[in-house]
There are 2 protein chains.
Amino acid sequence: MIKITKYPQPNDWAKLLQRPSIETAKLEKTVADIIQRVKEDGDNALRNYAMHYDGVKLQSLEVPENEIFNAVNEISISLQQAIRVAYNNILAFHSVQNQTEPYVETVSGVMCWRKSIPVQKVGLYIPGGSAPLFSTVLMLGVPAKIAGCSETILCTPCDKNEKVNAAILYAADLCGIKKIYKVGGAQAIAAMAFGTQSINKVYKIFGPGNQFVTCAKQLVQNYGIAIDMPAGPSEVAILADRQANAAFVAADILAQLEHGADSQSILVTDYLPFADEVNTEIEKQISSLPRSELALKAIANSKIIIVMSMEEGMNLINEYAPEHLILAVEDSTEIAQGITNAGSVFLGNYSPESAGDYATGTNHTLPTNGYAKSYSGVSLDSFVKKITFQKLTKAGLSLLSNTIIEMAEAEGLQAHANAVKIRM
Amino acid sequence: MIKITKYPQPNDWAKLLQRPSIETAKLEKTVADIIQRVKEDGDNALRNYAMHYDGVKLQSLEVPENEIFNAVNEISISLQQAIRVAYNNILAFHSVQNQTEPYVETVSGVMCWRKSIPVQKVGLYIPGGSAPLFSTVLMLGVPAKIAGCSETILCTPCDKNEKVNAAILYAADLCGIKKIYKVGGAQAIAAMAFGTQSINKVYKIFGPGNQFVTCAKQLVQNYGIAIDMPAGPSEVAILADRQANAAFVAADILAQLEHGADSQSILVTDYLPFADEVNTEIEKQISSLPRSELALKAIANSKIIIVMSMEEGMNLINEYAPEHLILAVEDSTEIAQGITNAGSVFLGNYSPESAGDYATGTNHTLPTNGYAKSYSGVSLDSFVKKITFQKLTKAGLSLLSNTIIEMAEAEGLQAHANAVKIRM
């Protein structure tokens with residue numbers, strides 16, 4: 001049963017909305033050691049870690065091309081179809097993100113513009129472990145492909161027989177990824193950040209992972225490597241009114257909680273009886289879940305909050321800044337207008353989070369842990385940088401010369417002024 | 001005299017293009033202590049640091065509204081005009097960055113879209129010290145205004161008489177910034193990250209600063225605060241051919257080097273005699289500079305590199321990924337097509353960097369230290385996050401249901417599948 005809090009005061013919200021704490025500080029020493037070892041020993045270190053942590057004696061680090069090519073034969077036709085539908089929707093949604101801006105002549109003879117240019121070398125990390133996240137391959141691989149990154153590599157752990165999950169290989173192949181390495185954990189992040197004999201160094205690293213992976217991504221940032229975003233446990237907030245369906249909402253909560261014991265669900269409603277209805281439904285649905293043990297643990301992090309009005313509910317949710325937000329309300333389009341902090345929003349009773357996790361076309365790599373206040377989810381933008389350009393004619397510079405000289409001299413930067421004066 | 005390197009081999013480039021190293025690790029303990037103190041003691045800690053570091057006994061932390069309003073009277077008409085010209089150009093260039101994307105119906109009944117929403121609370125840091133960077137107030141304040149951030153605060157150190165530079169106040173006033181605090185250094189970053197009695201906590205912190213400020217920005221990231229980008233010393237690369245003007249190029253190099261002893265200029269040319277011509281010009285121009293001492297030190301970090309061809313020069317520059325790039329070449333538009341890594345690019349002989357530093361309208365807060373490989377400069381994008389939305393009809397979900405269920409089950413996430421099944 002999820003704990004119910006009735007009509008909390010706004011100054012109690014912060015405490016109420018606290019997330020399960022994540023302690024990466026403790027791991028830092030271990031992870032820093034792994035990074036250092038990979039930096040020094042390259043492939044050798046990767047082989048040793050594979051043996052040490054996973055008991056795998058790697059013959060080769062790279063997945064052979066024919067293994068990628070043949071992965072399709074190991075997947076059912078129906079799963080192939082599903083992956084292709086998802087691929088196409090993600091492709092459609094991310095393709096429109098490729099907007100070009102007009103050139104701006106700010107002053108006659110002063111032409112300014114921005115141009116999107118792909119990050120040349122990107123590295124994707126896909127965890128192995130309990131769930132083979134081939135859907136995440138699509139979420140990262142599709143925008144990388146649209147952006148036109150010239151080198152996209154992928155690291156993911158293999159099983160004891162040195163095999164990578166076939167659906168991961170198939171999804172990667174769809175995205176045109178040719179370099180796949182059987183490396184997992186913090187050592188994979190280190191390999192992509194610094195390069196080894198087999199693995200090329202990249203400029204930006206994407207993808208989810210356990211606490212070791214998250215910590216490694218944080219640490220390599222100090223060496224000039226960009227990362228997609230800081231990561232934390234997955235979470236959902238649901239805003240529900242009287243017309244919401246308790247069975248649907250319970251199913252959405254459970255979908256969130258099966259991610260892991262540190263997942264969190266927050267249900268906010270102005271309809272008091274709904275709280276018990278949802279708890280009853282959760283009890284009904286949870287027993288049949290294969291991952292019910294994880295979900296049961298995550299229930300302890302979760303909350304049902306009763307508010308005075310939908311408006312108060314919205315304010316509370318904006319304060320929480322959820323990764324996922326489901327609006328199980330009558331007027332979902334209207335209510336959506338008031339959202340200021342969230343990663344991805346699902347409107348109405350027929351937009352479950354799992355639709356966006358897999359197949360609507362939106363990205364499922366989203367800001368957690370309150371980062372939705374300042375970060376966007378992964379998109380095409382994450383795989384490009386925008387370079388500004390300016391071209392001035394002599395006449396254009398002349399029109400701006402007084403402005404530049406005046407400002408530069410007032411800032412005490414005489415050489416800045418001189419660079420204009422000498423041209424006039 | 002800047003050291004000349006002739007025809008280096010590509011595998012020597014990395015070493016040749018090394019940047020002056022920055023050591024923030026040494027400061028970390030000091031800065032972490034400052035952050036902790038501000039977190040615990042709030043305003044009190046800020047007052048103590050102002051006394052300790054700057055010898056200022058602060059009466060109030062906030063600049064009174066009438067002081068902001070009256071700042072205009074302390075600035076010459078010509079500087080007011082200059083600041084307004086720059087303001088208008090920055091406004092024009094950043095306004096077109098507000099692009100809306102079309103809604104995408106990825107599948108019939110499955111509507112997906114993204115919406116730009118301002119980061120609600122942002123904090124701008126403007127250093128005091130040797131140069132009062134009111135131009136940076138515009139570069140951060142204008143996009144914050146266009147984005148519509150609901151709370152924009154600004155921290156900047158004051159002088160011994162508790163006065164903030166009038167041009168900084170005037171520029172802030174133009175941008176509609178009402179909350180300005182007389183706080184500098186790492187303690188200002190801590191105050192904006194955690195809030196004090198006087199200063200509200202923000203979600204994202206922008207702006208340049210010394211090594212303490214940079215280190216503080218790095219550290220507060222671990223507490224969920226976003227920052228504009230990692231910072232390093234300023235730098236310029238110049239690609240010049242036979243038609244370039246040695247006096248212009250020397251002036252551009254000096255404009256870069258007057259920033260600080262750790263600044264760096266890289267001149268790349270395929271025309272051997274140009275190297276000596278530029279060095280001669282630098283010698284001629286440097287003596288009259290008020291900041292010549294800094295520039296002389298920075299010359300030691302700088303390089304002139306002779307390459308075999310423009311194409312090789314471009315490759316070398318893309319490898320370096322300069323913050324600023326001046327294309328002092330005949331075919332600047334053509335050459336610009338080949339740029340893959342740079343912050344801001346200046347085309348032709350009449351586009352000095354200082355034009356973009358102040359007045360063309362492009363932003364001067366740019367990725368340094370090689371970060372141009374993966375980061376963009378500050379833009380309107382930096383002040384918004386993009387939230388994704390999706391609304392499915394029952395029929396739309398039905399069209400996607402097989403796809404979602406198939407993928408969720410293959411990933412071992414049964415509750416994700418159930419959230420769809422229960423709705424069908």
# chains A, B, ... in the order shown; residues from 1 in each chain; ligands from 1
>>> select_by_dssp(residues="region 283-411 of chain B", states="strand (DSSP E or B)", output="PyMOL selection string")
chain B and resi 303-306+324-328+344-347+384-392
>>> write_last_selection(atoms="C-alpha atoms", output="PDB file, in the first residue's frame")
ATOM      1  CA  LYS B 303      51.738  29.464 -31.607  1.00  0.00           C
ATOM      2  CA  ILE B 304      52.157  30.134 -35.274  1.00  0.00           C
ATOM      3  CA  ILE B 305      51.822  26.951 -37.278  1.00  0.00           C
ATOM      4  CA  ILE B 306      52.784  26.697 -40.935  1.00  0.00           C
ATOM      5  CA  HIS B 324      36.852  31.713 -31.547  1.00  0.00           C
ATOM      6  CA  LEU B 325      37.939  31.148 -35.115  1.00  0.00           C
ATOM      7  CA  ILE B 326      38.857  33.917 -37.535  1.00  0.00           C
ATOM      8  CA  LEU B 327      38.974  32.940 -41.213  1.00  0.00           C
ATOM      9  CA  ALA B 328      41.299  35.566 -42.697  1.00  0.00           C
ATOM     10  CA  SER B 344      32.009  31.215 -33.030  1.00  0.00           C
ATOM     11  CA  VAL B 345      33.464  31.844 -36.472  1.00  0.00           C
ATOM     12  CA  PHE B 346      34.466  35.220 -37.989  1.00  0.00           C
ATOM     13  CA  LEU B 347      34.641  35.317 -41.786  1.00  0.00           C
ATOM     14  CA  VAL B 384      14.835  26.953 -21.904  1.00  0.00           C
ATOM     15  CA  LYS B 385      14.252  23.257 -21.678  1.00  0.00           C
ATOM     16  CA  LYS B 386      12.137  21.389 -24.145  1.00  0.00           C
ATOM     17  CA  ILE B 387       9.396  19.233 -22.740  1.00  0.00           C
ATOM     18  CA  THR B 388       7.927  16.463 -24.892  1.00  0.00           C
ATOM     19  CA  PHE B 389       4.209  15.787 -24.921  1.00  0.00           C
ATOM     20  CA  GLN B 390       2.130  12.976 -26.346  1.00  0.00           C
ATOM     21  CA  LYS B 391      -1.583  12.458 -26.515  1.00  0.00           C
ATOM     22  CA  LEU B 392      -2.997   9.171 -27.714  1.00  0.00           C
TER      23      LEU B 392
END
>>> residues_around(residues="Val213 (chain B)", least_positions_apart="3", cutoff="10 Å", atoms="only C-alpha atoms", output="list in words")
Val31, Tyr125, Pro127, Gly184, Gly185, Ala186, Gln187, Ala188, Ile189, Ala190, Gly207, Pro208, Gly209, Asn210, Ala216, Lys217, Gln218, Leu219 and Ala231 of chain B
>>> write_last_selection(atoms="C-alpha atoms", output="PDB file, in the first residue's frame")
ATOM      1  CA  VAL B  31      35.988  26.159  -2.548  1.00  0.00           C
ATOM      2  CA  TYR B 125      27.442  35.776 -12.357  1.00  0.00           C
ATOM      3  CA  PRO B 127      32.984  39.105 -12.373  1.00  0.00           C
ATOM      4  CA  GLY B 184      31.414  37.853  -5.798  1.00  0.00           C
ATOM      5  CA  GLY B 185      33.556  34.745  -6.054  1.00  0.00           C
ATOM      6  CA  ALA B 186      32.775  31.161  -5.124  1.00  0.00           C
ATOM      7  CA  GLN B 187      30.488  32.428  -2.371  1.00  0.00           C
ATOM      8  CA  ALA B 188      28.198  34.021  -4.979  1.00  0.00           C
ATOM      9  CA  ILE B 189      27.871  30.698  -6.792  1.00  0.00           C
ATOM     10  CA  ALA B 190      27.102  28.950  -3.511  1.00  0.00           C
ATOM     11  CA  GLY B 207      28.623  33.362 -16.351  1.00  0.00           C
ATOM     12  CA  PRO B 208      32.389  33.554 -16.398  1.00  0.00           C
ATOM     13  CA  GLY B 209      34.742  33.949 -13.472  1.00  0.00           C
ATOM     14  CA  ASN B 210      38.129  33.184 -12.047  1.00  0.00           C
ATOM     15  CA  ALA B 216      32.423  26.394  -7.474  1.00  0.00           C
ATOM     16  CA  LYS B 217      30.248  26.008 -10.579  1.00  0.00           C
ATOM     17  CA  GLN B 218      31.698  22.536 -11.097  1.00  0.00           C
ATOM     18  CA  LEU B 219      31.046  21.540  -7.509  1.00  0.00           C
ATOM     19  CA  ALA B 231      34.903  27.118 -18.442  1.00  0.00           C
TER      20      ALA B 231
END
>>> residues_around(residues="Val278 (chain B)", least_positions_apart="4", cutoff="10 Å", atoms="only C-alpha atoms", output="tab-separated table (two decimals) with N, CA and C atoms, in the first residue's frame")
chain	number	residue	atom	x	y	z
B	1	MET	N	57.79	37.57	-29.24
B	1	MET	CA	57.67	36.83	-30.50
B	1	MET	C	57.00	35.47	-30.29
B	2	ILE	N	56.01	35.19	-31.12
B	2	ILE	CA	55.32	33.90	-30.99
B	2	ILE	C	56.13	32.83	-31.72
B	245	ASN	N	45.86	40.24	-43.82
B	245	ASN	CA	46.57	41.46	-43.46
B	245	ASN	C	47.27	41.25	-42.12
B	246	ALA	N	48.59	41.32	-42.13
B	246	ALA	CA	49.36	40.99	-40.92
B	246	ALA	C	49.02	41.92	-39.76
B	247	ALA	N	48.77	43.18	-40.05
B	247	ALA	CA	48.45	44.13	-38.98
B	247	ALA	C	47.11	43.78	-38.32
B	248	PHE	N	46.13	43.43	-39.17
B	248	PHE	CA	44.82	43.04	-38.63
B	248	PHE	C	44.97	41.79	-37.75
B	249	VAL	N	45.66	40.80	-38.30
B	249	VAL	CA	45.80	39.53	-37.59
B	249	VAL	C	46.55	39.73	-36.27
B	250	ALA	N	47.59	40.54	-36.29
B	250	ALA	CA	48.33	40.82	-35.05
B	250	ALA	C	47.42	41.48	-34.02
B	251	ALA	N	46.58	42.40	-34.49
B	251	ALA	CA	45.66	43.09	-33.57
B	251	ALA	C	44.67	42.10	-32.96
B	253	ILE	N	45.18	38.88	-32.50
B	253	ILE	CA	45.92	38.04	-31.54
B	253	ILE	C	46.07	38.79	-30.22
B	267	LEU	N	47.81	30.81	-34.63
B	267	LEU	CA	47.71	31.28	-36.02
B	267	LEU	C	48.16	30.16	-36.95
B	273	PRO	N	55.99	33.40	-45.21
B	273	PRO	CA	56.45	34.75	-44.81
B	273	PRO	C	55.48	35.44	-43.84
B	274	PHE	N	54.24	35.01	-43.83
B	274	PHE	CA	53.22	35.66	-43.00
B	274	PHE	C	53.58	35.57	-41.50
B	282	ILE	N	53.06	42.38	-34.19
B	282	ILE	CA	52.75	42.24	-32.76
B	282	ILE	C	53.70	43.09	-31.95
B	283	GLU	N	54.98	42.99	-32.30
B	283	GLU	CA	55.99	43.78	-31.58
B	283	GLU	C	55.68	45.28	-31.67
B	284	LYS	N	55.24	45.69	-32.87
B	284	LYS	CA	54.93	47.10	-33.09
B	284	LYS	C	53.74	47.55	-32.24
B	304	ILE	N	52.41	29.96	-33.85
B	304	ILE	CA	52.16	30.13	-35.27
B	304	ILE	C	52.53	28.82	-35.94
>>> residues_around(residues="Gln197 (chain A)", least_positions_apart="5", cutoff="10 Å", atoms="only C-alpha atoms", output="ChimeraX atom specification")
/A:41-44,191
>>> write_last_selection(atoms="N, CA, C and O atoms", output="PDB file, in the first residue's frame")
ATOM      1  N   ASP A  41      46.054   0.902 -19.031  1.00  0.00           N
ATOM      2  CA  ASP A  41      46.233  -0.444 -19.579  1.00  0.00           C
ATOM      3  C   ASP A  41      45.347  -0.764 -20.765  1.00  0.00           C
ATOM      4  O   ASP A  41      45.481  -1.846 -21.357  1.00  0.00           O
ATOM      5  N   GLY A  42      44.422   0.130 -21.088  1.00  0.00           N
ATOM      6  CA  GLY A  42      43.602  -0.052 -22.289  1.00  0.00           C
ATOM      7  C   GLY A  42      42.888  -1.386 -22.338  1.00  0.00           C
ATOM      8  O   GLY A  42      42.321  -1.842 -21.350  1.00  0.00           O
ATOM      9  N   ASP A  43      42.943  -2.020 -23.516  1.00  0.00           N
ATOM     10  CA  ASP A  43      42.243  -3.288 -23.744  1.00  0.00           C
ATOM     11  C   ASP A  43      42.511  -4.325 -22.667  1.00  0.00           C
ATOM     12  O   ASP A  43      41.623  -5.079 -22.258  1.00  0.00           O
ATOM     13  N   ASN A  44      43.764  -4.356 -22.254  1.00  0.00           N
ATOM     14  CA  ASN A  44      44.173  -5.303 -21.228  1.00  0.00           C
ATOM     15  C   ASN A  44      43.340  -5.163 -19.962  1.00  0.00           C
ATOM     16  O   ASN A  44      42.844  -6.151 -19.408  1.00  0.00           O
ATOM     17  N   ALA A 191      36.689   3.590 -21.236  1.00  0.00           N
ATOM     18  CA  ALA A 191      37.229   3.242 -22.557  1.00  0.00           C
ATOM     19  C   ALA A 191      36.790   4.257 -23.607  1.00  0.00           C
ATOM     20  O   ALA A 191      37.585   4.709 -24.440  1.00  0.00           O
TER      21      ALA A 191
END
>>> closest_residue(among="B:Lys145, B:Lys201, B:Lys297, B:Arg114", to="chain A", atoms="only C-alpha atoms")
B:Arg114
>>> residues_around(residues="Glu319 (chain B)", least_positions_apart="3", cutoff="9 Å", atoms="only C-alpha atoms", output="PDB file with N, CA, C and O atoms, in the first residue's frame")
ATOM      1  N   TRP B  13      50.190  16.882 -33.874  1.00  0.00           N
ATOM      2  CA  TRP B  13      49.229  17.971 -33.638  1.00  0.00           C
ATOM      3  C   TRP B  13      48.753  18.024 -32.187  1.00  0.00           C
ATOM      4  O   TRP B  13      48.696  19.091 -31.577  1.00  0.00           O
ATOM      5  N   ALA B  14      48.361  16.856 -31.660  1.00  0.00           N
ATOM      6  CA  ALA B  14      47.763  16.836 -30.315  1.00  0.00           C
ATOM      7  C   ALA B  14      48.693  17.517 -29.309  1.00  0.00           C
ATOM      8  O   ALA B  14      48.279  18.354 -28.511  1.00  0.00           O
ATOM      9  N   LEU B  17      48.976  21.277 -29.953  1.00  0.00           N
ATOM     10  CA  LEU B  17      47.769  22.057 -29.683  1.00  0.00           C
ATOM     11  C   LEU B  17      47.329  21.990 -28.222  1.00  0.00           C
ATOM     12  O   LEU B  17      46.250  22.438 -27.865  1.00  0.00           O
ATOM     13  N   MET B 314      42.622  23.494 -41.992  1.00  0.00           N
ATOM     14  CA  MET B 314      41.263  23.263 -41.506  1.00  0.00           C
ATOM     15  C   MET B 314      41.210  22.039 -40.597  1.00  0.00           C
ATOM     16  O   MET B 314      40.561  22.049 -39.555  1.00  0.00           O
ATOM     17  N   ASN B 315      41.860  20.965 -41.026  1.00  0.00           N
ATOM     18  CA  ASN B 315      41.858  19.737 -40.221  1.00  0.00           C
ATOM     19  C   ASN B 315      42.480  19.995 -38.851  1.00  0.00           C
ATOM     20  O   ASN B 315      41.983  19.539 -37.824  1.00  0.00           O
ATOM     21  N   LEU B 316      43.584  20.726 -38.884  1.00  0.00           N
ATOM     22  CA  LEU B 316      44.279  21.034 -37.633  1.00  0.00           C
ATOM     23  C   LEU B 316      43.376  21.861 -36.718  1.00  0.00           C
ATOM     24  O   LEU B 316      43.281  21.621 -35.514  1.00  0.00           O
ATOM     25  N   PRO B 322      38.640  25.506 -31.550  1.00  0.00           N
ATOM     26  CA  PRO B 322      38.817  26.782 -30.849  1.00  0.00           C
ATOM     27  C   PRO B 322      37.491  27.406 -30.405  1.00  0.00           C
ATOM     28  O   PRO B 322      36.470  27.202 -31.049  1.00  0.00           O
ATOM     29  N   ASN B 341      34.358  21.960 -35.702  1.00  0.00           N
ATOM     30  CA  ASN B 341      34.490  22.223 -34.271  1.00  0.00           C
ATOM     31  C   ASN B 341      34.977  23.645 -34.007  1.00  0.00           C
ATOM     32  O   ASN B 341      36.150  23.963 -34.231  1.00  0.00           O
ATOM     33  N   GLY B 370      38.544  23.092 -25.830  1.00  0.00           N
ATOM     34  CA  GLY B 370      38.222  21.934 -26.658  1.00  0.00           C
ATOM     35  C   GLY B 370      36.774  21.489 -26.536  1.00  0.00           C
ATOM     36  O   GLY B 370      36.338  20.564 -27.226  1.00  0.00           O
ATOM     37  N   LYS B 373      34.004  20.771 -29.316  1.00  0.00           N
ATOM     38  CA  LYS B 373      33.732  19.492 -29.989  1.00  0.00           C
ATOM     39  C   LYS B 373      32.342  18.960 -29.625  1.00  0.00           C
ATOM     40  O   LYS B 373      31.771  18.169 -30.368  1.00  0.00           O
TER      41      LYS B 373
END
>>> residues_around(residues="Val164 (chain B)", least_positions_apart="4", cutoff="12 Å", atoms="only C-alpha atoms", output="PyMOL selection string")
chain B and resi 61-64+67-68+71+74+126-129+132-134+154-160+168-172+180-184
